[in-house]
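Just start-v8.tsv here, TSV, C-alpha atoms:
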```
chain	number	residue	atom	x	y	z
A	1	MET	CA	21.26	27.36	6.88
A	2	GLU	CA	18.05	28.93	8.13
A	3	ALA	CA	19.87	32.03	9.35
A	4	VAL	CA	21.67	32.29	6.00
A	5	LEU	CA	18.36	32.06	4.14
A	6	TRP	CA	16.75	34.71	6.29
A	7	TYR	CA	19.68	37.08	5.99
A	8	VAL	CA	20.32	36.67	2.27
A	9	MET	CA	16.62	36.97	1.43
A	10	THR	CA	15.26	39.43	3.99
A	11	GLY	CA	18.29	41.25	5.43
A	12	THR	CA	19.73	42.68	2.24
A	13	ARG	CA	18.71	45.26	-0.30
A	14	GLY	CA	18.41	42.77	-3.17
A	15	GLY	CA	16.61	40.16	-1.08
A	16	GLU	CA	13.24	40.60	-2.71
A	17	ASN	CA	14.57	39.85	-6.18
A	18	ARG	CA	16.50	36.88	-4.87
A	19	VAL	CA	13.23	35.49	-3.48
A	20	ARG	CA	11.64	35.91	-6.94
A	21	ILE	CA	14.58	34.13	-8.57
A	22	LEU	CA	14.46	31.24	-6.11
A	23	ARG	CA	10.73	30.83	-6.62
A	24	ALA	CA	11.15	30.82	-10.40
A	25	ILE	CA	13.88	28.17	-10.45
A	26	ASP	CA	11.92	26.06	-7.99
A	27	GLU	CA	9.10	25.91	-10.53
A	28	ARG	CA	11.55	25.03	-13.28
A	29	PRO	CA	15.34	25.25	-13.48
A	30	ARG	CA	16.29	28.07	-15.85
A	31	ASN	CA	19.33	29.89	-17.14
A	32	ALA	CA	20.17	33.48	-16.32
A	33	ASN	CA	18.80	34.75	-19.60
A	34	ARG	CA	15.41	33.17	-19.12
A	35	LEU	CA	15.28	34.43	-15.55
A	36	ALA	CA	15.99	37.97	-16.65
A	37	GLU	CA	13.17	37.76	-19.21
A	38	GLU	CA	10.76	36.05	-16.88
A	39	LEU	CA	11.28	38.44	-13.97
A	40	ASP	CA	11.78	41.54	-16.10
A	41	LEU	CA	15.20	42.22	-14.60
A	42	ASP	CA	18.50	43.30	-16.07
A	43	TYR	CA	20.69	40.35	-17.10
A	44	LYS	CA	23.60	41.66	-15.02
A	45	THR	CA	21.34	42.05	-11.99
A	46	VAL	CA	20.20	38.45	-12.32
A	47	ARG	CA	23.81	37.29	-12.66
A	48	HIS	CA	24.76	39.18	-9.52
A	49	HIS	CA	21.90	37.71	-7.49
A	50	LEU	CA	22.70	34.21	-8.77
A	51	ASP	CA	26.33	34.66	-7.70
A	52	VAL	CA	25.22	35.66	-4.20
A	53	LEU	CA	22.88	32.65	-4.04
A	54	LEU	CA	25.68	30.38	-5.33
A	55	GLU	CA	28.15	31.74	-2.81
A	56	ASN	CA	25.72	31.00	0.01
A	57	ASP	CA	25.01	27.51	-1.27
A	58	ILE	CA	21.34	28.21	-1.92
A	59	VAL	CA	21.42	27.51	-5.66
A	60	GLU	CA	23.71	25.45	-7.89
A	61	ASN	CA	24.11	25.31	-11.65
A	62	SER	CA	24.26	22.55	-14.19
A	63	GLY	CA	27.86	23.43	-14.95
A	64	ASP	CA	27.56	24.10	-18.69
A	65	GLU	CA	29.76	27.14	-19.08
A	66	TYR	CA	27.30	29.09	-21.22
A	67	GLY	CA	23.58	28.92	-20.63
A	68	ALA	CA	24.01	27.03	-17.35
A	69	VAL	CA	20.71	26.14	-15.76
A	70	TYR	CA	20.20	27.08	-12.11
A	71	LEU	CA	18.33	25.08	-9.49
A	72	PRO	CA	17.99	25.05	-5.69
A	73	THR	CA	20.65	23.05	-3.82
A	74	GLU	CA	19.97	19.95	-1.75
A	75	GLN	CA	20.61	22.10	1.29
A	76	ALA	CA	18.01	24.69	0.28
A	77	ARG	CA	15.56	21.84	-0.38
A	78	ASP	CA	16.13	20.51	3.14
A	79	HIS	CA	15.02	23.88	4.48
A	80	TRP	CA	12.32	24.53	1.95
A	81	ASP	CA	9.70	25.26	4.61
A	82	THR	CA	11.78	28.29	5.60
A	83	VAL	CA	12.03	29.34	1.96
A	84	GLU	CA	8.27	28.97	1.59
A	85	GLN	CA	7.69	31.07	4.67
A	86	ILE	CA	9.84	33.83	3.14
A	87	ILE	CA	8.17	33.52	-0.28
A	88	GLU	CA	4.73	33.79	1.32
A	89	GLN	CA	5.67	37.06	2.97
A	90	VAL	CA	6.91	38.68	-0.20
A	91	GLU	CA	3.69	37.97	-2.08
B	1	MET	CA	45.22	64.29	21.94
B	2	SER	CA	43.15	66.52	19.69
B	3	ILE	CA	43.58	64.29	16.65
B	4	TRP	CA	41.97	61.45	18.61
B	5	VAL	CA	39.07	63.66	19.56
B	6	ASP	CA	38.56	64.57	15.92
B	7	LEU	CA	38.77	60.94	14.86
B	8	ALA	CA	36.20	59.99	17.48
B	9	LYS	CA	33.86	62.74	16.26
B	10	VAL	CA	34.25	61.74	12.63
B	11	SER	CA	33.76	58.02	13.35
B	12	THR	CA	30.62	58.73	15.39
B	13	GLY	CA	29.25	60.84	12.54
B	14	VAL	CA	30.09	58.03	10.10
B	15	ASN	CA	28.33	55.54	12.39
B	16	VAL	CA	25.18	57.65	12.31
B	17	LEU	CA	25.25	57.68	8.50
B	18	LEU	CA	25.93	53.95	8.22
B	19	LEU	CA	23.14	53.17	10.66
B	20	LEU	CA	20.74	55.32	8.65
B	21	VAL	CA	21.61	53.24	5.57
B	22	LEU	CA	21.09	49.98	7.48
B	23	GLY	CA	17.85	51.28	8.98
B	24	TYR	CA	16.67	52.16	5.48
B	25	ILE	CA	17.44	48.69	4.09
B	26	TRP	CA	16.00	46.80	7.05
B	27	GLY	CA	13.03	49.15	7.48
B	28	ARG	CA	12.07	48.74	3.84
B	29	ASN	CA	12.51	44.98	4.04
B	30	TRP	CA	10.48	44.82	7.22
B	31	LEU	CA	7.59	46.60	5.51
B	32	LYS	CA	7.93	44.03	2.72
B	33	PHE	CA	8.47	40.82	4.68
B	34	ARG	CA	7.06	41.58	8.13
B	35	SER	CA	9.32	38.88	9.56
B	36	LYS	CA	10.65	38.80	13.09
B	37	HIS	CA	14.21	38.45	11.72
B	38	THR	CA	14.03	41.70	9.80
B	39	LEU	CA	12.30	43.41	12.70
B	40	GLY	CA	15.17	42.33	14.98
B	41	LEU	CA	17.71	43.87	12.61
B	42	LEU	CA	15.65	47.04	12.39
B	43	ILE	CA	15.38	47.40	16.16
B	44	PHE	CA	19.12	46.84	16.51
B	45	SER	CA	19.89	49.59	14.01
B	46	VAL	CA	17.44	52.05	15.58
B	47	PHE	CA	18.84	51.64	19.10
B	48	LEU	CA	22.46	51.80	18.00
B	49	LEU	CA	21.55	54.88	15.98
B	50	ALA	CA	20.05	56.49	19.09
B	51	GLU	CA	23.24	55.72	21.02
B	52	ASN	CA	25.52	57.19	18.36
B	53	ALA	CA	23.32	60.24	17.84
B	54	LEU	CA	23.43	60.92	21.58
B	55	VAL	CA	27.22	60.59	21.66
B	56	LEU	CA	27.49	62.90	18.66
B	57	TYR	CA	25.37	65.41	20.55
B	58	TYR	CA	27.76	65.16	23.51
B	59	TYR	CA	30.79	65.60	21.26
B	60	LEU	CA	29.53	68.54	19.27
B	61	VAL	CA	26.66	70.38	20.93
B	62	ASP	CA	26.29	69.79	24.65
B	63	PRO	CA	27.53	72.97	26.37
B	64	THR	CA	29.30	71.17	29.23
B	65	LEU	CA	30.46	67.90	27.74
B	66	SER	CA	31.62	69.06	24.29
B	67	GLY	CA	34.43	71.06	25.91
B	68	TRP	CA	35.70	68.20	28.03
B	69	TRP	CA	37.11	66.07	25.24
B	70	HIS	CA	39.62	68.72	24.29
B	71	ASP	CA	41.22	69.32	27.66
B	72	GLN	CA	40.57	66.37	29.92
B	73	VAL	CA	40.15	63.06	28.18
B	74	SER	CA	40.08	60.33	30.82
B	75	VAL	CA	40.88	56.66	30.31
B	76	VAL	CA	37.17	55.88	30.26
B	77	TRP	CA	36.43	58.39	27.51
B	78	ARG	CA	39.41	57.17	25.53
B	79	ALA	CA	38.13	53.59	25.63
B	80	GLN	CA	34.74	54.81	24.47
B	81	MET	CA	36.31	56.69	21.57
B	82	ILE	CA	38.19	53.59	20.45
B	83	ILE	CA	34.97	51.59	20.56
B	84	HIS	CA	33.21	54.12	18.36
B	85	GLY	CA	36.10	53.95	15.92
B	86	LEU	CA	35.90	50.16	15.80
B	87	GLN	CA	32.14	50.37	15.39
B	88	SER	CA	32.69	52.24	12.13
B	89	PHE	CA	34.60	49.27	10.71
B	90	GLY	CA	31.95	46.82	11.90
B	91	LEU	CA	29.08	48.89	10.54
B	92	ALA	CA	30.85	49.55	7.23
B	93	PHE	CA	31.22	45.80	6.80
B	94	LEU	CA	27.56	45.26	7.65
B	95	VAL	CA	26.50	47.90	5.11
B	96	TRP	CA	28.75	46.26	2.52
B	97	VAL	CA	27.05	42.87	2.93
B	98	SER	CA	23.54	44.31	3.28
B	99	TRP	CA	23.60	46.79	0.38
B	100	ASP	CA	24.15	43.76	-1.87
```
Encoded form (structure tokens):
Amino acid sequence: MEAVLWYVMTGTRGGENRVRILRAIDERPRNANRLAEELDLDYKTVRHHLDVLLENDIVENSGDEYGAVYLPTEQARDHWDTVEQIIEQVE
Amino acid sequence: MSIWVDLAKVSTGVNVLLLLVLGYIWGRNWLKFRSKHTLGLLIFSVFLLAENALVLYYYLVDPTLSGWWHDQVSVVWRAQMIIHGLQSFGLAFLVWVSWD
């Protein structure tokens, strides 16, 4: 999991925005629309990053088809010190 | 044999381009994150870039070696060419997942 976190967040072009998304939903679970507003990103960009994070089991959603709320997975929580280390470096 | 020589040249050129893209992504991220993980990726891309650039020089420019590939390709050279071809697939995949 740690290697996945490091690669997805610091090895890829969109990593920085994925860090911002993860930090935002850690504060409070949000839907894609709110995230786009909050982080001043394109809605489609946010959706893409959320899909990557979902695919890598870093975030999960509440399951409501429309307006689903995203939050970190249990697995990401278990490695939150790694996430924090990454977040610190992007600040 | 010449088609294989051309393929080897093209794939080495492609490798150089792909490694420049990876170096750009990882270099930028390293400036941002300053983490040892990103630095490791960056170092990997820089060294593999140096290797491919050197081979490209041998294929295209070097006065002695550039002629060799066309008339006397040995088993050793052939194996090296195949490896450079395979590297293109590997690097293309890596660019695909990292450009994300």
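With all atoms listed in the file as the atoms that count, the residue of A:Val8, A:Leu35, A:Ile25, A:Val19 with the shortest distance to A:Glu88 is A:Val19.
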Counting only C-alpha atoms, which residues of chain A fall within 9 Å of stretch 29-39 of chain B, and what is the closest atom pair for each with its distance in Å at one decimal, ordered by chain and rising number, as a tab-separated table?
```
residue	atom	partner	partner_atom	distance
A:Ala3	CA	B:His37	CA	8.9
A:Trp6	CA	B:His37	CA	7.1
A:Tyr7	CA	B:His37	CA	8.0
A:Thr10	CA	B:Asn29	CA	6.2
A:Gly11	CA	B:Thr38	CA	6.1
A:Thr12	CA	B:Asn29	CA	7.8
A:Arg13	CA	B:Asn29	CA	7.6
A:Gly15	CA	B:Asn29	CA	8.1
A:Glu16	CA	B:Asn29	CA	8.1
A:Ile86	CA	B:Phe33	CA	7.3
A:Ile87	CA	B:Phe33	CA	8.8
A:Glu88	CA	B:Phe33	CA	8.6
A:Gln89	CA	B:Phe33	CA	5.0
A:Val90	CA	B:Phe33	CA	5.6
A:Glu91	CA	B:Phe33	CA	8.8
```
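Of the residues under consideration (B:Val46, B:Gly90, B:Ser2, B:Trp99), B:Trp99 shows the shortest atom-to-atom contact distance to chain A when counting all atoms listed in the file.
Coordinates place atom CA of B:Ala8 at a distance of 6.2 Å from atom CA of B:Gly85.
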Taking (25.6, 52.9, 5.3) in the coordinates of the supplied file, I want to know which residues reach to within 10 Å of it, counting only C-alpha atoms; could you give the answer as an MDAnalysis selection string?
chainID B and resid 14:25 88 91:96 98:99
File of the preceding selection, C-alpha atoms, as a short mmCIF file (atom, residue, chain, number, x, y, z; two decimals), keeping the file's coordinate frame:
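out_23.cif, written as the output of this step:
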```cif
data_model
loop_
_atom_site.label_atom_id
_atom_site.label_comp_id
_atom_site.auth_asym_id
_atom_site.auth_seq_id
_atom_site.Cartn_x
_atom_site.Cartn_y
_atom_site.Cartn_z
CA VAL B 14 30.09 58.03 10.10
CA ASN B 15 28.33 55.54 12.39
CA VAL B 16 25.18 57.65 12.31
CA LEU B 17 25.25 57.68 8.50
CA LEU B 18 25.93 53.95 8.22
CA LEU B 19 23.14 53.17 10.66
CA LEU B 20 20.74 55.32 8.65
CA VAL B 21 21.61 53.24 5.57
CA LEU B 22 21.09 49.98 7.48
CA GLY B 23 17.85 51.28 8.98
CA TYR B 24 16.67 52.16 5.48
CA ILE B 25 17.44 48.69 4.09
CA SER B 88 32.69 52.24 12.13
CA LEU B 91 29.08 48.89 10.54
CA ALA B 92 30.85 49.55 7.23
CA PHE B 93 31.22 45.80 6.80
CA LEU B 94 27.56 45.26 7.65
CA VAL B 95 26.50 47.90 5.11
CA TRP B 96 28.75 46.26 2.52
CA SER B 98 23.54 44.31 3.28
CA TRP B 99 23.60 46.79 0.38
#
```
How would stretch 38-60 of chain B look with N, CA, C and O atoms restored, written as a CSV table (one decimal), keeping the file's coordinate frame?
```
chain,number,residue,atom,x,y,z
B,38,THR,N,13.8,40.4,10.3
B,38,THR,CA,14.0,41.7,9.8
B,38,THR,C,13.7,42.7,10.9
B,38,THR,O,14.4,43.7,11.0
B,39,LEU,N,12.7,42.5,11.6
B,39,LEU,CA,12.3,43.4,12.7
B,39,LEU,C,13.4,43.5,13.7
B,39,LEU,O,13.8,44.6,14.2
B,40,GLY,N,14.0,42.3,14.0
B,40,GLY,CA,15.2,42.3,15.0
B,40,GLY,C,16.3,43.2,14.5
B,40,GLY,O,16.9,44.0,15.3
B,41,LEU,N,16.6,43.1,13.2
B,41,LEU,CA,17.7,43.9,12.6
B,41,LEU,C,17.4,45.4,12.7
B,41,LEU,O,18.2,46.2,13.0
B,42,LEU,N,16.1,45.6,12.4
B,42,LEU,CA,15.6,47.0,12.4
B,42,LEU,C,15.8,47.7,13.8
B,42,LEU,O,16.3,48.8,14.0
B,43,ILE,N,15.3,46.9,14.8
B,43,ILE,CA,15.4,47.4,16.2
B,43,ILE,C,16.8,47.6,16.6
B,43,ILE,O,17.2,48.7,17.2
B,44,PHE,N,17.7,46.7,16.2
B,44,PHE,CA,19.1,46.8,16.5
B,44,PHE,C,19.7,48.1,15.9
B,44,PHE,O,20.3,48.9,16.6
B,45,SER,N,19.3,48.4,14.7
B,45,SER,CA,19.9,49.6,14.0
B,45,SER,C,19.3,50.9,14.6
B,45,SER,O,20.0,51.9,14.7
B,46,VAL,N,18.1,50.8,15.0
B,46,VAL,CA,17.4,52.0,15.6
B,46,VAL,C,18.1,52.4,16.9
B,46,VAL,O,18.4,53.6,17.2
B,47,PHE,N,18.3,51.4,17.8
B,47,PHE,CA,18.8,51.6,19.1
B,47,PHE,C,20.3,52.1,19.0
B,47,PHE,O,20.7,53.0,19.7
B,48,LEU,N,21.1,51.4,18.1
B,48,LEU,CA,22.5,51.8,18.0
B,48,LEU,C,22.6,53.2,17.4
B,48,LEU,O,23.5,54.0,17.7
B,49,LEU,N,21.6,53.5,16.5
B,49,LEU,CA,21.6,54.9,16.0
B,49,LEU,C,21.3,55.9,17.1
B,49,LEU,O,21.9,56.9,17.1
B,50,ALA,N,20.4,55.6,18.0
B,50,ALA,CA,20.0,56.5,19.1
B,50,ALA,C,21.3,56.7,19.9
B,50,ALA,O,21.6,57.8,20.3
B,51,GLU,N,22.0,55.6,20.2
B,51,GLU,CA,23.2,55.7,21.0
B,51,GLU,C,24.3,56.6,20.4
B,51,GLU,O,24.8,57.5,21.0
B,52,ASN,N,24.5,56.4,19.1
B,52,ASN,CA,25.5,57.2,18.4
B,52,ASN,C,25.1,58.7,18.2
B,52,ASN,O,25.9,59.5,18.3
B,53,ALA,N,23.8,58.9,18.0
B,53,ALA,CA,23.3,60.2,17.8
B,53,ALA,C,23.5,61.0,19.2
B,53,ALA,O,23.9,62.2,19.2
B,54,LEU,N,23.3,60.3,20.3
B,54,LEU,CA,23.4,60.9,21.6
B,54,LEU,C,24.9,61.3,21.8
B,54,LEU,O,25.2,62.4,22.3
B,55,VAL,N,25.8,60.3,21.5
B,55,VAL,CA,27.2,60.6,21.7
B,55,VAL,C,27.7,61.8,20.8
B,55,VAL,O,28.4,62.6,21.2
B,56,LEU,N,27.1,61.8,19.6
B,56,LEU,CA,27.5,62.9,18.7
B,56,LEU,C,27.0,64.2,19.3
B,56,LEU,O,27.8,65.2,19.2
B,57,TYR,N,25.9,64.2,19.9
B,57,TYR,CA,25.4,65.4,20.6
B,57,TYR,C,26.3,65.8,21.7
B,57,TYR,O,26.7,67.0,21.8
B,58,TYR,N,26.8,64.9,22.4
B,58,TYR,CA,27.8,65.2,23.5
B,58,TYR,C,29.1,65.7,23.0
B,58,TYR,O,29.6,66.7,23.5
B,59,TYR,N,29.5,65.1,21.9
B,59,TYR,CA,30.8,65.6,21.3
B,59,TYR,C,30.7,67.0,20.7
B,59,TYR,O,31.6,67.8,20.8
B,60,LEU,N,29.6,67.3,20.1
B,60,LEU,CA,29.5,68.5,19.3
B,60,LEU,C,28.7,69.7,19.9
B,60,LEU,O,29.0,70.8,19.7
```
